>>> print(open('coords.pdb').read())   # PDB, C-alpha atoms
ATOM      1  CA  MET H 232    -162.914-204.996  98.061  1.00  0.00           C
ATOM      2  CA  LEU H 233    -164.357-205.990 101.433  1.00  0.00           C
ATOM      3  CA  GLU H 234    -162.232-203.368 103.157  1.00  0.00           C
ATOM      4  CA  LYS H 235    -164.208-200.648 101.349  1.00  0.00           C
ATOM      5  CA  VAL H 236    -167.507-202.334 102.237  1.00  0.00           C
ATOM      6  CA  ARG H 237    -166.470-202.468 105.901  1.00  0.00           C
ATOM      7  CA  ALA H 238    -165.373-198.833 105.888  1.00  0.00           C
ATOM      8  CA  ASP H 239    -168.679-197.677 104.360  1.00  0.00           C
ATOM      9  CA  ALA H 240    -170.942-199.732 106.646  1.00  0.00           C
ATOM     10  CA  THR H 241    -172.222-198.302 109.886  1.00  0.00           C
ATOM     11  CA  LEU H 242    -172.741-200.440 112.968  1.00  0.00           C
ATOM     12  CA  THR H 243    -176.516-200.098 112.671  1.00  0.00           C
ATOM     13  CA  ALA H 244    -176.780-200.779 108.923  1.00  0.00           C
ATOM     14  CA  GLU H 245    -179.653-203.069 107.943  1.00  0.00           C
ATOM     15  CA  HIS H 246    -178.248-203.859 104.495  1.00  0.00           C
ATOM     16  CA  GLY H 247    -174.846-204.766 103.108  1.00  0.00           C
ATOM     17  CA  ARG H 248    -173.742-207.203 105.791  1.00  0.00           C
ATOM     18  CA  GLY H 249    -174.007-210.418 103.756  1.00  0.00           C
ATOM     19  CA  LEU H 250    -170.490-210.445 102.303  1.00  0.00           C
ATOM     20  CA  GLN H 251    -169.019-209.509 105.679  1.00  0.00           C
ATOM     21  CA  ILE H 252    -170.795-212.436 107.347  1.00  0.00           C
ATOM     22  CA  ILE H 253    -169.686-214.848 104.613  1.00  0.00           C
ATOM     23  CA  ASP H 254    -166.112-213.558 104.885  1.00  0.00           C
ATOM     24  CA  ALA H 255    -166.129-214.065 108.660  1.00  0.00           C
ATOM     25  CA  LEU H 256    -167.493-217.627 108.510  1.00  0.00           C
ATOM     26  CA  ALA H 257    -166.007-219.079 105.331  1.00  0.00           C
ATOM     27  CA  GLU H 258    -162.510-220.444 104.979  1.00  0.00           C
ATOM     28  CA  LYS H 259    -162.164-219.145 101.427  1.00  0.00           C
ATOM     29  CA  LEU H 260    -164.046-216.292  99.738  1.00  0.00           C
ATOM     30  CA  GLN H 261    -163.679-215.339  96.088  1.00  0.00           C
ATOM     31  CA  ILE H 262    -165.503-212.476  94.365  1.00  0.00           C
ATOM     32  CA  VAL H 263    -165.210-212.389  90.580  1.00  0.00           C
ATOM     33  CA  ASN H 264    -166.475-209.551  88.424  1.00  0.00           C
ATOM     34  CA  GLY H 265    -168.243-211.002  85.372  1.00  0.00           C
ATOM     35  CA  LEU H 266    -168.083-209.276  82.027  1.00  0.00           C
ATOM     36  CA  GLN H 267    -171.662-209.906  80.893  1.00  0.00           C
ATOM     37  CA  HIS H 268    -173.760-211.193  83.764  1.00  0.00           C
ATOM     38  CA  GLY H 269    -172.623-209.359  86.891  1.00  0.00           C
ATOM     39  CA  GLY H 270    -170.418-210.834  89.569  1.00  0.00           C
ATOM     40  CA  MET H 271    -169.983-214.234  91.149  1.00  0.00           C
ATOM     41  CA  VAL H 272    -169.427-214.988  94.827  1.00  0.00           C
ATOM     42  CA  ARG H 273    -167.877-218.327  95.705  1.00  0.00           C
ATOM     43  CA  PHE H 274    -167.141-219.446  99.243  1.00  0.00           C
ATOM     44  CA  GLU H 275    -166.007-222.651 100.879  1.00  0.00           C
ATOM     45  CA  LYS H 276    -166.570-223.905 104.399  1.00  0.00           C
ATOM     46  CA  PRO H 277    -165.393-227.428 105.244  1.00  0.00           C
ATOM     47  CA  LEU H 278    -167.780-229.262 107.548  1.00  0.00           C
ATOM     48  CA  ALA H 279    -167.004-231.958 110.072  1.00  0.00           C
ATOM     49  CA  TRP H 280    -169.995-234.017 111.156  1.00  0.00           C
ATOM     50  CA  GLU H 281    -170.449-235.380 114.646  1.00  0.00           C
ATOM     51  CA  PRO H 282    -170.989-239.151 114.739  1.00  0.00           C
ATOM     52  CA  GLY H 283    -174.685-239.900 114.413  1.00  0.00           C
ATOM     53  CA  SER H 284    -175.642-236.416 113.236  1.00  0.00           C
ATOM     54  CA  ALA H 285    -178.238-235.936 110.505  1.00  0.00           C
ATOM     55  CA  GLY H 286    -175.853-233.898 108.324  1.00  0.00           C
ATOM     56  CA  GLN H 287    -173.594-236.827 107.509  1.00  0.00           C
ATOM     57  CA  HIS H 288    -176.500-238.450 105.593  1.00  0.00           C
ATOM     58  CA  PHE H 289    -176.417-235.622 103.018  1.00  0.00           C
ATOM     59  CA  VAL H 290    -172.813-236.270 101.975  1.00  0.00           C
ATOM     60  CA  LEU H 291    -171.888-238.892  99.413  1.00  0.00           C
ATOM     61  CA  ASP H 292    -169.164-241.286 100.455  1.00  0.00           C
ATOM     62  CA  ASP H 293    -166.140-241.421  98.156  1.00  0.00           C
TER      63      ASP H 293
END
>>> encode(input="coords.pdb", output="structure tokens")
Amino acid sequence: MLEKVRADATLTAEHGRGLQIIDALAEKLQIVNGLQHGGMVRFEKPLAWEPGSAGQHFVLDD
């Protein structure tokens, strides 16, 4: 699906780059076509926090 989006997009396009950016940055991208309520985009990007960084305070410890 993204191959068609890439082929249709021009280098100066102002719209339609979102899925390409997500695909480039995420480890896993899944696009599911819904039957009743449109599509769903799911992406995963594992994060590793530097010691002492603010981001580690937003993650629950297991």
>>> resolve_selection(input="coords.pdb", expression="the PyMOL selection byres ((chain H and resi 254-259) around 8)", output="number ranges by chain")
H: 250-253, 260-261, 274-277
>>> residues_near_point(input="coords.pdb", point="(-169.5, -239.8, 111.1)", cutoff="12 Å", atoms="only C-alpha atoms", output="PDB file with C-alpha atoms, in the coordinates of the input")
ATOM      1  CA  LEU H 278    -167.780-229.262 107.548  1.00  0.00           C
ATOM      2  CA  ALA H 279    -167.004-231.958 110.072  1.00  0.00           C
ATOM      3  CA  TRP H 280    -169.995-234.017 111.156  1.00  0.00           C
ATOM      4  CA  GLU H 281    -170.449-235.380 114.646  1.00  0.00           C
ATOM      5  CA  PRO H 282    -170.989-239.151 114.739  1.00  0.00           C
ATOM      6  CA  GLY H 283    -174.685-239.900 114.413  1.00  0.00           C
ATOM      7  CA  SER H 284    -175.642-236.416 113.236  1.00  0.00           C
ATOM      8  CA  ALA H 285    -178.238-235.936 110.505  1.00  0.00           C
ATOM      9  CA  GLY H 286    -175.853-233.898 108.324  1.00  0.00           C
ATOM     10  CA  GLN H 287    -173.594-236.827 107.509  1.00  0.00           C
ATOM     11  CA  HIS H 288    -176.500-238.450 105.593  1.00  0.00           C
ATOM     12  CA  PHE H 289    -176.417-235.622 103.018  1.00  0.00           C
ATOM     13  CA  VAL H 290    -172.813-236.270 101.975  1.00  0.00           C
ATOM     14  CA  LEU H 291    -171.888-238.892  99.413  1.00  0.00           C
ATOM     15  CA  ASP H 292    -169.164-241.286 100.455  1.00  0.00           C
TER      16      ASP H 292
END
>>> residues_around(input="coords.pdb", residues="H:Ile262", least_positions_apart="2", cutoff="10 Å", atoms="only C-alpha atoms", output="PyMOL selection string")
chain H and resi 232-233+250+260+264-265+270-274
>>> decode(input="coords.pdb", residues="stretch 244-292 of chain H", atoms="N, CA and C atoms", output="compact mmCIF listing (two decimals), in the first residue's frame")
# COMPACT_ATOMS: atom_id res chain seq x y z
N ALA H 244 5.34 17.70 -2.43
CA ALA H 244 3.96 17.57 -1.93
C ALA H 244 3.85 18.10 -0.50
N GLU H 245 2.76 18.81 -0.23
CA GLU H 245 2.52 19.34 1.11
C GLU H 245 1.59 18.45 1.91
N HIS H 246 0.99 17.46 1.28
CA HIS H 246 0.06 16.55 1.95
C HIS H 246 0.45 15.12 1.60
N GLY H 247 0.02 14.18 2.44
CA GLY H 247 0.22 12.78 2.14
C GLY H 247 1.56 12.21 2.57
N ARG H 248 2.27 12.89 3.42
CA ARG H 248 3.57 12.41 3.87
C ARG H 248 3.51 11.70 5.22
N GLY H 249 2.41 11.79 5.93
CA GLY H 249 2.31 11.25 7.28
C GLY H 249 2.63 9.77 7.38
N LEU H 250 2.01 8.95 6.54
CA LEU H 250 2.27 7.51 6.60
C LEU H 250 3.70 7.18 6.20
N GLN H 251 4.27 7.94 5.30
CA GLN H 251 5.67 7.71 4.92
C GLN H 251 6.61 8.02 6.07
N ILE H 252 6.33 9.08 6.81
CA ILE H 252 7.16 9.44 7.96
C ILE H 252 7.03 8.38 9.05
N ILE H 253 5.80 7.95 9.34
CA ILE H 253 5.59 6.91 10.34
C ILE H 253 6.31 5.63 9.93
N ASP H 254 6.20 5.26 8.67
CA ASP H 254 6.85 4.04 8.17
C ASP H 254 8.37 4.12 8.32
N ALA H 255 8.93 5.30 8.10
CA ALA H 255 10.38 5.47 8.20
C ALA H 255 10.87 5.42 9.64
N LEU H 256 10.07 5.88 10.59
CA LEU H 256 10.51 5.99 11.98
C LEU H 256 10.09 4.82 12.87
N ALA H 257 8.98 4.18 12.54
CA ALA H 257 8.46 3.12 13.39
C ALA H 257 9.12 1.77 13.07
N GLU H 258 9.17 0.94 14.07
CA GLU H 258 9.70 -0.41 13.87
C GLU H 258 8.66 -1.31 13.19
N LYS H 259 7.40 -1.06 13.50
CA LYS H 259 6.32 -1.91 12.98
C LYS H 259 5.14 -1.01 12.61
N LEU H 260 4.64 -1.15 11.40
CA LEU H 260 3.50 -0.37 10.92
C LEU H 260 2.45 -1.33 10.39
N GLN H 261 1.22 -1.14 10.82
CA GLN H 261 0.12 -1.99 10.37
C GLN H 261 -1.04 -1.08 9.98
N ILE H 262 -1.55 -1.27 8.77
CA ILE H 262 -2.71 -0.52 8.29
C ILE H 262 -3.81 -1.52 8.03
N VAL H 263 -4.95 -1.35 8.71
CA VAL H 263 -6.06 -2.28 8.60
C VAL H 263 -7.27 -1.53 8.07
N ASN H 264 -7.88 -2.08 7.04
CA ASN H 264 -9.07 -1.49 6.46
C ASN H 264 -10.30 -1.96 7.24
N GLY H 265 -10.99 -1.04 7.90
CA GLY H 265 -12.18 -1.38 8.68
C GLY H 265 -13.40 -1.50 7.79
N LEU H 266 -14.32 -2.34 8.20
CA LEU H 266 -15.52 -2.55 7.39
C LEU H 266 -16.54 -1.43 7.56
N GLN H 267 -16.66 -0.89 8.77
CA GLN H 267 -17.71 0.10 9.03
C GLN H 267 -17.19 1.49 9.33
N HIS H 268 -16.04 1.59 9.95
CA HIS H 268 -15.59 2.89 10.44
C HIS H 268 -14.25 3.33 9.87
N GLY H 269 -13.99 3.05 8.61
CA GLY H 269 -12.73 3.46 8.00
C GLY H 269 -11.57 2.55 8.37
N GLY H 270 -10.38 3.08 8.29
CA GLY H 270 -9.19 2.28 8.54
C GLY H 270 -8.57 2.57 9.89
N MET H 271 -7.60 1.73 10.24
CA MET H 271 -6.88 1.90 11.50
C MET H 271 -5.39 1.81 11.20
N VAL H 272 -4.63 2.74 11.75
CA VAL H 272 -3.18 2.73 11.62
C VAL H 272 -2.60 2.45 13.00
N ARG H 273 -1.75 1.44 13.07
CA ARG H 273 -1.11 1.08 14.33
C ARG H 273 0.39 1.02 14.07
N PHE H 274 1.15 1.69 14.94
CA PHE H 274 2.60 1.63 14.79
C PHE H 274 3.25 1.51 16.15
N GLU H 275 4.43 0.90 16.15
CA GLU H 275 5.18 0.68 17.38
C GLU H 275 6.59 1.22 17.21
N LYS H 276 7.06 1.87 18.25
CA LYS H 276 8.43 2.37 18.28
C LYS H 276 8.96 2.18 19.71
N PRO H 277 9.81 1.18 19.93
CA PRO H 277 10.37 1.01 21.27
C PRO H 277 11.27 2.19 21.63
N LEU H 278 11.20 2.61 22.87
CA LEU H 278 11.99 3.74 23.34
C LEU H 278 12.95 3.29 24.42
N ALA H 279 14.14 3.80 24.38
CA ALA H 279 15.13 3.56 25.42
C ALA H 279 15.47 4.91 26.04
N TRP H 280 15.26 5.03 27.33
CA TRP H 280 15.47 6.30 28.01
C TRP H 280 16.89 6.40 28.54
N GLU H 281 17.46 7.57 28.42
CA GLU H 281 18.77 7.86 29.00
C GLU H 281 18.59 7.98 30.52
N PRO H 282 19.55 7.54 31.29
CA PRO H 282 19.45 7.69 32.75
C PRO H 282 19.26 9.16 33.13
N GLY H 283 18.26 9.39 33.97
CA GLY H 283 17.98 10.74 34.43
C GLY H 283 17.10 11.57 33.52
N SER H 284 16.66 11.01 32.40
CA SER H 284 15.83 11.77 31.47
C SER H 284 14.40 11.86 31.99
N ALA H 285 13.68 12.89 31.55
CA ALA H 285 12.31 13.10 32.00
C ALA H 285 11.38 12.00 31.49
N GLY H 286 11.64 11.45 30.32
CA GLY H 286 10.76 10.45 29.72
C GLY H 286 10.57 9.21 30.55
N GLN H 287 11.57 8.80 31.27
CA GLN H 287 11.45 7.56 32.06
C GLN H 287 10.41 7.70 33.17
N HIS H 288 10.01 8.90 33.54
CA HIS H 288 9.01 9.11 34.59
C HIS H 288 7.59 8.85 34.07
N PHE H 289 7.41 8.76 32.76
CA PHE H 289 6.10 8.52 32.17
C PHE H 289 5.81 7.05 31.95
N VAL H 290 6.74 6.18 32.24
CA VAL H 290 6.59 4.75 32.02
C VAL H 290 6.40 4.05 33.36
N LEU H 291 5.39 3.18 33.40
CA LEU H 291 5.15 2.42 34.62
C LEU H 291 6.15 1.29 34.73
N ASP H 292 6.69 1.08 35.90
CA ASP H 292 7.59 -0.05 36.11
C ASP H 292 6.78 -1.33 36.24
